[in-house]
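What follows is protein_18.cif (mmCIF, C-alpha atoms and all ligand atoms).
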data_coords
#
loop_
_atom_site.label_atom_id
_atom_site.label_comp_id
_atom_site.auth_asym_id
_atom_site.auth_seq_id
_atom_site.Cartn_x
_atom_site.Cartn_y
_atom_site.Cartn_z
CA MET B 1 -5.03 10.37 9.70
CA LYS B 2 -5.40 7.04 7.91
CA LEU B 3 -3.52 6.49 4.67
CA PHE B 4 -4.50 3.51 2.53
CA TYR B 5 -1.13 2.31 1.51
CA SER B 6 1.13 -0.16 -0.26
CA ALA B 7 4.92 0.03 -0.02
CA SER B 8 5.24 -0.61 -3.75
CA SER B 9 3.06 2.32 -4.92
CA PRO B 10 5.08 5.31 -6.17
CA PHE B 11 2.04 7.57 -5.65
CA VAL B 12 1.82 6.54 -2.01
CA ARG B 13 5.56 7.05 -1.66
CA LYS B 14 5.20 10.63 -2.96
CA CYS B 15 2.74 11.34 -0.12
CA LEU B 16 4.88 9.60 2.49
CA VAL B 17 8.06 11.43 1.45
CA SER B 18 6.10 14.71 1.60
CA ALA B 19 4.83 13.83 5.09
CA HIS B 20 8.39 13.03 6.24
CA GLU B 21 9.75 16.28 4.82
CA LEU B 22 6.97 18.24 6.53
CA GLY B 23 7.48 16.51 9.90
CA LEU B 24 4.01 14.94 9.69
CA ARG B 25 4.87 11.27 9.28
CA ASP B 26 3.90 10.42 12.90
CA ARG B 27 0.36 11.63 12.25
CA LEU B 28 -0.23 9.05 9.53
CA GLU B 29 -1.58 5.62 10.35
CA LEU B 30 -0.79 3.30 7.43
CA VAL B 31 -3.65 0.98 6.42
CA PRO B 32 -2.37 -1.80 4.12
CA ALA B 33 -4.29 -2.07 0.84
CA VAL B 34 -4.10 -4.34 -2.18
CA PRO B 35 -5.33 -2.19 -5.06
CA HIS B 36 -5.88 -3.81 -8.43
CA PRO B 37 -7.76 -2.54 -11.50
CA VAL B 38 -9.67 -5.83 -11.85
CA ASN B 39 -9.76 -7.44 -8.39
CA ARG B 40 -10.66 -4.20 -6.68
CA ASP B 41 -9.86 -3.76 -3.00
CA ARG B 42 -13.34 -3.22 -1.53
CA ALA B 43 -11.91 -1.83 1.71
CA VAL B 44 -10.51 1.07 -0.34
CA VAL B 45 -13.61 1.33 -2.57
CA ALA B 46 -15.66 1.89 0.59
CA TRP B 47 -13.82 5.22 1.00
CA ASN B 48 -12.83 6.03 -2.58
CA PRO B 49 -15.05 4.77 -5.44
CA LEU B 50 -12.01 4.59 -7.70
CA GLY B 51 -10.44 2.05 -5.33
CA LYS B 52 -7.02 3.60 -5.85
CA ILE B 53 -4.27 4.39 -3.41
CA PRO B 54 -3.19 6.68 -1.92
CA THR B 55 -6.48 7.53 -0.23
CA LEU B 56 -6.34 9.62 2.94
CA VAL B 57 -8.94 9.93 5.69
CA THR B 58 -8.21 13.12 7.61
CA GLU B 59 -8.53 13.60 11.38
CA GLU B 60 -11.83 15.38 10.64
CA GLY B 61 -13.08 12.38 8.63
CA ALA B 62 -12.73 13.93 5.14
CA VAL B 63 -11.65 11.54 2.40
CA LEU B 64 -8.95 12.88 0.10
CA PHE B 65 -7.56 11.50 -3.14
CA ASP B 66 -5.57 11.45 -5.37
CA SER B 67 -1.87 11.87 -4.47
CA ARG B 68 -1.79 15.47 -5.75
CA VAL B 69 -4.62 16.52 -3.46
CA ILE B 70 -3.11 14.62 -0.53
CA CYS B 71 0.32 16.24 -1.04
CA GLU B 72 -1.24 19.70 -1.17
CA TYR B 73 -3.27 18.93 1.94
CA LEU B 74 -0.18 17.77 3.84
CA ASN B 75 1.70 20.84 2.66
CA ALA B 76 -1.07 23.09 4.00
CA LEU B 77 -1.09 21.17 7.29
CA GLY B 78 2.65 21.63 7.63
CA ASP B 79 4.76 24.71 7.08
CA GLU B 80 3.92 24.84 3.35
CA HIS B 81 7.53 24.67 2.18
CA LEU B 82 6.89 22.01 -0.49
CA LEU B 83 4.85 24.19 -2.87
CA PRO B 84 5.37 27.89 -3.61
CA ALA B 85 2.14 29.76 -2.83
CA GLN B 86 2.07 31.69 -6.10
CA GLY B 87 3.97 32.92 -9.11
CA PRO B 88 5.90 31.11 -11.86
CA ALA B 89 7.69 28.84 -9.35
CA ARG B 90 4.35 27.33 -8.30
CA TRP B 91 3.39 26.40 -11.87
CA SER B 92 6.81 25.02 -12.55
CA VAL B 93 6.71 22.77 -9.44
CA LEU B 94 3.20 21.59 -10.35
CA VAL B 95 4.21 20.79 -13.93
CA ASP B 96 7.20 18.82 -12.63
CA GLN B 97 4.75 16.88 -10.50
CA SER B 98 2.42 16.30 -13.49
CA LEU B 99 5.31 15.07 -15.61
CA ALA B 100 6.46 12.66 -12.91
CA ASP B 101 2.88 11.49 -12.24
CA GLY B 102 2.41 10.83 -15.96
CA LEU B 103 5.62 8.86 -16.01
CA MET B 104 4.45 6.84 -12.98
CA ASP B 105 1.03 6.28 -14.57
CA ALA B 106 2.63 4.92 -17.75
CA ALA B 107 4.98 2.70 -15.74
CA VAL B 108 2.22 1.41 -13.43
CA LEU B 109 -0.05 0.68 -16.43
CA THR B 110 2.79 -1.20 -18.11
CA ARG B 111 3.28 -3.17 -14.94
CA TYR B 112 -0.43 -4.12 -14.88
CA GLU B 113 -0.24 -5.03 -18.55
CA THR B 114 2.69 -7.37 -18.02
CA ALA B 115 2.01 -8.71 -14.50
CA ALA B 116 -1.81 -8.70 -14.27
CA ARG B 117 -3.17 -9.19 -17.78
CA PRO B 118 -3.26 -12.78 -19.09
CA GLU B 119 -0.48 -13.25 -21.63
CA SER B 120 -2.87 -14.10 -24.47
CA LEU B 121 -4.60 -10.71 -24.09
CA ARG B 122 -1.48 -8.54 -24.08
CA TRP B 123 -0.90 -5.93 -26.75
CA ASN B 124 2.78 -5.14 -27.29
CA ASP B 125 2.20 -1.89 -29.22
CA TRP B 126 0.29 -0.57 -26.24
CA ILE B 127 3.12 -1.51 -23.87
CA GLU B 128 5.62 0.17 -26.18
CA GLY B 129 3.46 3.31 -26.30
CA GLN B 130 3.43 3.49 -22.49
CA LEU B 131 7.18 2.91 -22.27
CA ASP B 132 7.71 5.63 -24.88
CA LYS B 133 5.96 8.02 -22.46
CA VAL B 134 8.48 6.95 -19.84
CA THR B 135 11.50 7.56 -22.07
CA CYS B 136 10.16 10.88 -23.44
CA GLY B 137 9.51 11.95 -19.84
CA LEU B 138 13.02 10.97 -18.79
CA ALA B 139 14.48 12.89 -21.75
CA GLN B 140 12.67 16.04 -20.63
CA ILE B 141 13.76 15.59 -17.00
CA GLU B 142 17.36 15.23 -18.23
CA THR B 143 17.21 18.67 -19.91
CA ARG B 144 16.19 20.19 -16.59
CA ALA B 145 18.31 18.12 -14.23
CA SER B 146 20.53 21.07 -13.35
CA ASN B 147 17.45 22.97 -12.09
CA LEU B 148 16.51 20.19 -9.71
CA ALA B 149 19.51 20.42 -7.40
CA ALA B 150 18.86 22.13 -4.07
CA ARG B 151 15.09 21.88 -4.53
CA ILE B 152 12.94 19.94 -2.06
CA ASP B 153 9.38 20.39 -3.23
CA ILE B 154 6.42 18.37 -4.53
CA GLY B 155 7.93 18.46 -8.03
CA THR B 156 11.32 17.03 -7.11
CA ILE B 157 9.75 14.54 -4.68
CA ALA B 158 7.46 13.28 -7.46
CA ILE B 159 10.34 13.00 -9.94
CA ALA B 160 12.43 11.10 -7.38
CA CYS B 161 9.55 8.69 -6.64
CA SER B 162 9.05 8.05 -10.36
CA LEU B 163 12.75 7.21 -10.78
CA GLY B 164 12.64 5.01 -7.68
CA TYR B 165 9.72 3.12 -9.22
CA LEU B 166 11.68 2.55 -12.44
CA ASP B 167 14.54 1.12 -10.37
CA PHE B 168 12.05 -1.06 -8.49
CA ARG B 169 9.97 -2.47 -11.36
CA PHE B 170 11.91 -1.66 -14.54
CA ALA B 171 15.57 -2.09 -13.61
CA SER B 172 16.19 -3.65 -17.03
CA LEU B 173 15.46 -0.27 -18.68
CA GLY B 174 18.87 0.87 -17.40
CA TRP B 175 17.72 4.51 -17.50
CA ARG B 176 20.87 5.77 -15.76
CA ASP B 177 23.05 5.10 -18.83
CA GLN B 178 21.02 7.43 -21.03
CA TYR B 179 20.19 10.10 -18.50
CA PRO B 180 23.40 10.67 -16.50
CA LYS B 181 22.56 14.15 -15.14
CA THR B 182 19.25 12.87 -13.82
CA ALA B 183 21.03 9.86 -12.30
CA LEU B 184 23.56 12.11 -10.54
CA TRP B 185 20.78 14.25 -9.08
CA TYR B 186 18.62 11.27 -8.12
CA ASP B 187 21.37 9.28 -6.43
CA ARG B 188 21.95 12.22 -4.09
CA PHE B 189 18.24 12.88 -3.50
CA ALA B 190 17.64 9.20 -2.77
CA GLN B 191 19.90 9.50 0.28
CA ARG B 192 17.49 11.84 2.06
CA ASP B 193 16.00 10.33 5.23
CA SER B 194 12.51 10.65 3.72
CA MET B 195 13.52 8.59 0.68
CA LEU B 196 15.46 5.99 2.68
CA ALA B 197 12.51 5.50 5.04
CA THR B 198 10.09 4.86 2.16
CA ARG B 199 12.09 2.57 -0.10
CA PRO B 200 9.93 -0.03 -1.89
CA PRO B 201 10.45 -3.66 -0.92
CA ALA B 202 12.92 -5.76 -2.91
CA ALA B 203 11.38 -6.40 -6.37
N1 LIG B 301 -3.65 9.56 -10.10
C1 LIG B 301 -3.57 8.67 -8.95
C2 LIG B 301 -2.95 7.36 -9.38
C3 LIG B 301 -2.95 6.34 -8.24
C4 LIG B 301 -2.74 4.92 -8.75
O1 LIG B 301 -2.77 4.63 -9.94
N2 LIG B 301 -2.54 4.01 -7.78
C5 LIG B 301 -2.45 2.61 -8.12
C6 LIG B 301 -1.41 1.91 -7.23
S1 LIG B 301 0.22 2.46 -7.63
C7 LIG B 301 -3.80 1.97 -7.83
O2 LIG B 301 -4.39 2.24 -6.82
N3 LIG B 301 -4.27 1.12 -8.77
C8 LIG B 301 -5.52 0.42 -8.66
C9 LIG B 301 -6.39 0.64 -9.86
O3 LIG B 301 -5.89 1.08 -10.92
O4 LIG B 301 -7.58 0.35 -9.77
C10 LIG B 301 -2.77 9.36 -7.85
O5 LIG B 301 -2.01 10.30 -8.15
O6 LIG B 301 -2.94 9.02 -6.66
#

In structure tokens, what does this structure look like?
Ligand SMILES: N[C@@H](CCC(=O)N[C@@H](CS)C(=O)NCC(=O)O)C(=O)O
Amino acid sequence: MKLFYSASSPFVRKCLVSAHELGLRDRLELVPAVPHPVNRDRAVVAWNPLGKIPTLVTEEGAVLFDSRVICEYLNALGDEHLLPAQGPARWSVLVDQSLADGLMDAAVLTRYETAARPESLRWNDWIEGQLDKVTCGLAQIETRASNLAARIDIGTIAIACSLGYLDFRFASLGWRDQYPKTALWYDRFAQRDSMLATRPPAA
């Protein structure tokens, strides 16, 4: 399988961590991509009109995106232990994933706003609105931090990748000071082989 990839994308990392945890990492060939909302990577657009990563081309030639679909696909290809098949636990894992994805979306959009948009066109209220999504998301994760321990699933993997992205791109937020239970959980989770093998490059 080919995975269009960048080591700095938290959405790609979510898929890679899932593949590691499912014992499928060796089946993924990583194809470097340089996605950008303005200077679109045409090599990715050729497979996925949105031009976003992760984009996966399966061994059968099917093209899958976005990260949620890819994680579910990998889970089905493996032993399915990352997502409960049914019942309340399934919805709870999926909502954890949605929360973490929303946090990553807000952080990635803030990054584009500050690193890609010309300074004269930036809108600070918009940046603050995105960062408020990040802090509200963190506050909710903190209330549930005790439920995260001992869980290895798509929800906890997504939350861990969102926190890893904050450390990577938004270290100055200092989120650990305000969310100590989340920090305790994350620092342990981040020691898993799957997380160590997929760390983003130095910022
Ligand atoms: N909802 C998508 C989000 C993926 C995403 O935003 N990826 C970024 C890189 S971290 C990207 O490809 N950005 C290029 C663009 O916005 O055009 C997913 O879960 O895969």

>> At a cut-off of 12 Å, using only C-alpha atoms, what residues contact stretch 83-99 of chain B? Leave out same-chain residues fewer than 2 positions from it and give the result as JSON, numbers by chain.
In response: {"B": [11, 14, 15, 18, 22, 67, 68, 69, 71, 72, 73, 74, 75, 76, 78, 79, 80, 81, 101, 102, 103, 104, 105, 106, 133, 134, 135, 136, 137, 138, 139, 140, 141, 144, 145, 147, 148, 151, 152, 153, 154, 155, 156, 157, 158, 159, 160, 161, 162, 163]}

>> Given all atoms listed in the file as the basis, pick out the residue of B:Leu77, B:Ala150, B:Ala33, B:Ala19 nearest to ligand LIG 301 (chain B).
In response: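 For ligand LIG 301 (chain B), the nearest of the given residues is B:Ala33.
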
At most 6 Å is the cut-off: for each residue in chain B with any atom that close to an atom of ligand LIG 301 (chain B), write down the nearest atom pair and the distance in Å rounded to one decimal, counting all atoms listed in the file, chain first then increasing number, as CSV.
residue,atom,partner,partner_atom,distance
B:Ser9,CA,B:LIG301,S1,3.9
B:Pro10,CA,B:LIG301,S1,5.8
B:Phe11,CA,B:LIG301,O6,5.3
B:Pro35,CA,B:LIG301,C8,4.5
B:His36,CA,B:LIG301,C8,4.3
B:Pro37,CA,B:LIG301,O4,3.4
B:Gly51,CA,B:LIG301,O4,5.5
B:Lys52,CA,B:LIG301,O2,3.1
B:Ile53,CA,B:LIG301,O2,4.0
B:Pro54,CA,B:LIG301,O6,5.3
B:Asp66,CA,B:LIG301,O6,3.8
B:Ser67,CA,B:LIG301,O6,3.8
B:Arg68,CA,B:LIG301,O5,5.7

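Shortest separation to B:Asp125 among B:Tyr179, B:Trp47, B:Glu113, B:Ala100 occurs at residue B:Glu113, atoms counted being all atoms listed in the file.
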
> Of the residues B:Leu184, B:Leu173, B:Met1, B:Ala46, which is the one nearest to B:Gly61, using all atoms listed in the file?
Replying inline: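 The closest residue to B:Gly61 is B:Met1.
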
> Which of these, B:Leu166, B:Ile127, B:Ala183, B:Leu3, has the shortest distance to B:Ser146 once you count all atoms listed in the file?
Replying inline: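 Closest to B:Ser146 of all the choices is B:Ala183.
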
Near stretch 192-203 of chain B, 7 Å: stretch 13-106 of chain B residue rows, closest pairs, all atoms listed in the file, as a Markdown table:
| residue | atom | partner | partner_atom | distance |
| --- | --- | --- | --- | --- |
| B:Arg13 | CA | B:Thr198 | CA | 6.3 |
| B:Val17 | CA | B:Ser194 | CA | 5.1 |
| B:His20 | CA | B:Ser194 | CA | 5.4 |
| B:Glu21 | CA | B:Ser194 | CA | 6.4 |

Hey, could you patch up stretch 63-74 of chain B with all heavy atoms and hand it over as a PDB file, in the frame of the given file?
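Contents of out-v4.pdb, as written:
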ATOM      1  N   VAL B  63     -12.382  12.519   3.217  1.00  0.00           N
ATOM      2  CA  VAL B  63     -11.650  11.540   2.400  1.00  0.00           C
ATOM      3  C   VAL B  63     -10.997  12.283   1.239  1.00  0.00           C
ATOM      4  O   VAL B  63     -11.676  12.974   0.472  1.00  0.00           O
ATOM      5  CB  VAL B  63     -12.607  10.462   1.843  1.00  0.00           C
ATOM      6  CG1 VAL B  63     -11.818   9.410   1.069  1.00  0.00           C
ATOM      7  CG2 VAL B  63     -13.392   9.817   2.975  1.00  0.00           C
ATOM      8  N   LEU B  64      -9.676  12.151   1.144  1.00  0.00           N
ATOM      9  CA  LEU B  64      -8.950  12.880   0.100  1.00  0.00           C
ATOM     10  C   LEU B  64      -8.230  11.918  -0.835  1.00  0.00           C
ATOM     11  O   LEU B  64      -7.595  10.970  -0.403  1.00  0.00           O
ATOM     12  CB  LEU B  64      -7.894  13.812   0.734  1.00  0.00           C
ATOM     13  CG  LEU B  64      -8.376  14.868   1.736  1.00  0.00           C
ATOM     14  CD1 LEU B  64      -7.201  15.756   2.128  1.00  0.00           C
ATOM     15  CD2 LEU B  64      -9.484  15.713   1.156  1.00  0.00           C
ATOM     16  N   PHE B  65      -8.337  12.167  -2.114  1.00  0.00           N
ATOM     17  CA  PHE B  65      -7.560  11.500  -3.140  1.00  0.00           C
ATOM     18  C   PHE B  65      -7.560  12.445  -4.317  1.00  0.00           C
ATOM     19  O   PHE B  65      -8.399  13.369  -4.374  1.00  0.00           O
ATOM     20  CB  PHE B  65      -8.171  10.113  -3.495  1.00  0.00           C
ATOM     21  CG  PHE B  65      -9.619  10.147  -3.882  1.00  0.00           C
ATOM     22  CD1 PHE B  65      -9.998  10.357  -5.211  1.00  0.00           C
ATOM     23  CD2 PHE B  65     -10.625  10.004  -2.923  1.00  0.00           C
ATOM     24  CE1 PHE B  65     -11.329  10.398  -5.574  1.00  0.00           C
ATOM     25  CE2 PHE B  65     -11.963  10.038  -3.293  1.00  0.00           C
ATOM     26  CZ  PHE B  65     -12.309  10.243  -4.616  1.00  0.00           C
ATOM     27  N   ASP B  66      -6.640  12.408  -5.278  1.00  0.00           N
ATOM     28  CA  ASP B  66      -5.570  11.450  -5.370  1.00  0.00           C
ATOM     29  C   ASP B  66      -4.299  12.000  -4.714  1.00  0.00           C
ATOM     30  O   ASP B  66      -4.391  12.902  -3.884  1.00  0.00           O
ATOM     31  CB  ASP B  66      -5.348  11.050  -6.829  1.00  0.00           C
ATOM     32  CG  ASP B  66      -5.002  12.203  -7.758  1.00  0.00           C
ATOM     33  OD1 ASP B  66      -4.808  13.329  -7.290  1.00  0.00           O
ATOM     34  OD2 ASP B  66      -4.897  11.988  -8.976  1.00  0.00           O
ATOM     35  N   SER B  67      -3.117  11.491  -5.153  1.00  0.00           N
ATOM     36  CA  SER B  67      -1.870  11.870  -4.470  1.00  0.00           C
ATOM     37  C   SER B  67      -1.612  13.377  -4.551  1.00  0.00           C
ATOM     38  O   SER B  67      -1.027  13.955  -3.636  1.00  0.00           O
ATOM     39  CB  SER B  67      -0.684  11.093  -5.064  1.00  0.00           C
ATOM     40  OG  SER B  67      -0.475  11.419  -6.420  1.00  0.00           O
ATOM     41  N   ARG B  68      -2.055  14.022  -5.641  1.00  0.00           N
ATOM     42  CA  ARG B  68      -1.790  15.470  -5.750  1.00  0.00           C
ATOM     43  C   ARG B  68      -2.533  16.233  -4.668  1.00  0.00           C
ATOM     44  O   ARG B  68      -2.004  17.153  -4.049  1.00  0.00           O
ATOM     45  CB  ARG B  68      -2.246  15.983  -7.109  1.00  0.00           C
ATOM     46  CG  ARG B  68      -1.492  15.365  -8.232  1.00  0.00           C
ATOM     47  CD  ARG B  68      -2.017  15.900  -9.548  1.00  0.00           C
ATOM     48  NE  ARG B  68      -1.744  14.907 -10.569  1.00  0.00           N
ATOM     49  CZ  ARG B  68      -1.557  15.178 -11.842  1.00  0.00           C
ATOM     50  NH1 ARG B  68      -1.631  16.409 -12.271  1.00  0.00           N
ATOM     51  NH2 ARG B  68      -1.313  14.219 -12.702  1.00  0.00           N
ATOM     52  N   VAL B  69      -3.803  15.835  -4.474  1.00  0.00           N
ATOM     53  CA  VAL B  69      -4.620  16.520  -3.460  1.00  0.00           C
ATOM     54  C   VAL B  69      -4.048  16.235  -2.068  1.00  0.00           C
ATOM     55  O   VAL B  69      -3.945  17.139  -1.228  1.00  0.00           O
ATOM     56  CB  VAL B  69      -6.096  16.045  -3.560  1.00  0.00           C
ATOM     57  CG1 VAL B  69      -6.940  16.685  -2.486  1.00  0.00           C
ATOM     58  CG2 VAL B  69      -6.645  16.352  -4.941  1.00  0.00           C
ATOM     59  N   ILE B  70      -3.644  14.985  -1.853  1.00  0.00           N
ATOM     60  CA  ILE B  70      -3.110  14.620  -0.530  1.00  0.00           C
ATOM     61  C   ILE B  70      -1.813  15.399  -0.255  1.00  0.00           C
ATOM     62  O   ILE B  70      -1.619  15.931   0.843  1.00  0.00           O
ATOM     63  CB  ILE B  70      -2.869  13.093  -0.445  1.00  0.00           C
ATOM     64  CG1 ILE B  70      -4.210  12.351  -0.548  1.00  0.00           C
ATOM     65  CG2 ILE B  70      -2.146  12.725   0.843  1.00  0.00           C
ATOM     66  CD1 ILE B  70      -4.085  10.837  -0.707  1.00  0.00           C
ATOM     67  N   CYS B  71      -0.946  15.499  -1.254  1.00  0.00           N
ATOM     68  CA  CYS B  71       0.320  16.240  -1.040  1.00  0.00           C
ATOM     69  C   CYS B  71       0.034  17.710  -0.737  1.00  0.00           C
ATOM     70  O   CYS B  71       0.660  18.304   0.143  1.00  0.00           O
ATOM     71  CB  CYS B  71       1.239  16.104  -2.257  1.00  0.00           C
ATOM     72  SG  CYS B  71       2.004  14.483  -2.378  1.00  0.00           S
ATOM     73  N   GLU B  72      -0.924  18.291  -1.445  1.00  0.00           N
ATOM     74  CA  GLU B  72      -1.240  19.700  -1.170  1.00  0.00           C
ATOM     75  C   GLU B  72      -1.849  19.857   0.217  1.00  0.00           C
ATOM     76  O   GLU B  72      -1.584  20.831   0.928  1.00  0.00           O
ATOM     77  CB  GLU B  72      -2.204  20.262  -2.234  1.00  0.00           C
ATOM     78  CG  GLU B  72      -1.483  20.624  -3.509  1.00  0.00           C
ATOM     79  CD  GLU B  72      -2.144  21.761  -4.275  1.00  0.00           C
ATOM     80  OE1 GLU B  72      -2.624  22.728  -3.648  1.00  0.00           O
ATOM     81  OE2 GLU B  72      -2.180  21.668  -5.514  1.00  0.00           O
ATOM     82  N   TYR B  73      -2.666  18.877   0.607  1.00  0.00           N
ATOM     83  CA  TYR B  73      -3.270  18.930   1.940  1.00  0.00           C
ATOM     84  C   TYR B  73      -2.177  18.865   3.015  1.00  0.00           C
ATOM     85  O   TYR B  73      -2.169  19.653   3.965  1.00  0.00           O
ATOM     86  CB  TYR B  73      -4.255  17.778   2.097  1.00  0.00           C
ATOM     87  CG  TYR B  73      -4.859  17.689   3.473  1.00  0.00           C
ATOM     88  CD1 TYR B  73      -5.876  18.556   3.858  1.00  0.00           C
ATOM     89  CD2 TYR B  73      -4.394  16.752   4.396  1.00  0.00           C
ATOM     90  CE1 TYR B  73      -6.424  18.490   5.142  1.00  0.00           C
ATOM     91  CE2 TYR B  73      -4.935  16.680   5.666  1.00  0.00           C
ATOM     92  CZ  TYR B  73      -5.952  17.552   6.037  1.00  0.00           C
ATOM     93  OH  TYR B  73      -6.474  17.484   7.304  1.00  0.00           O
ATOM     94  N   LEU B  74      -1.254  17.914   2.846  1.00  0.00           N
ATOM     95  CA  LEU B  74      -0.180  17.770   3.840  1.00  0.00           C
ATOM     96  C   LEU B  74       0.660  19.038   3.882  1.00  0.00           C
ATOM     97  O   LEU B  74       1.047  19.504   4.963  1.00  0.00           O
ATOM     98  CB  LEU B  74       0.701  16.561   3.488  1.00  0.00           C
ATOM     99  CG  LEU B  74       0.022  15.184   3.597  1.00  0.00           C
ATOM    100  CD1 LEU B  74       0.948  14.090   3.060  1.00  0.00           C
ATOM    101  CD2 LEU B  74      -0.385  14.883   5.043  1.00  0.00           C
TER     102      LEU B  74
END
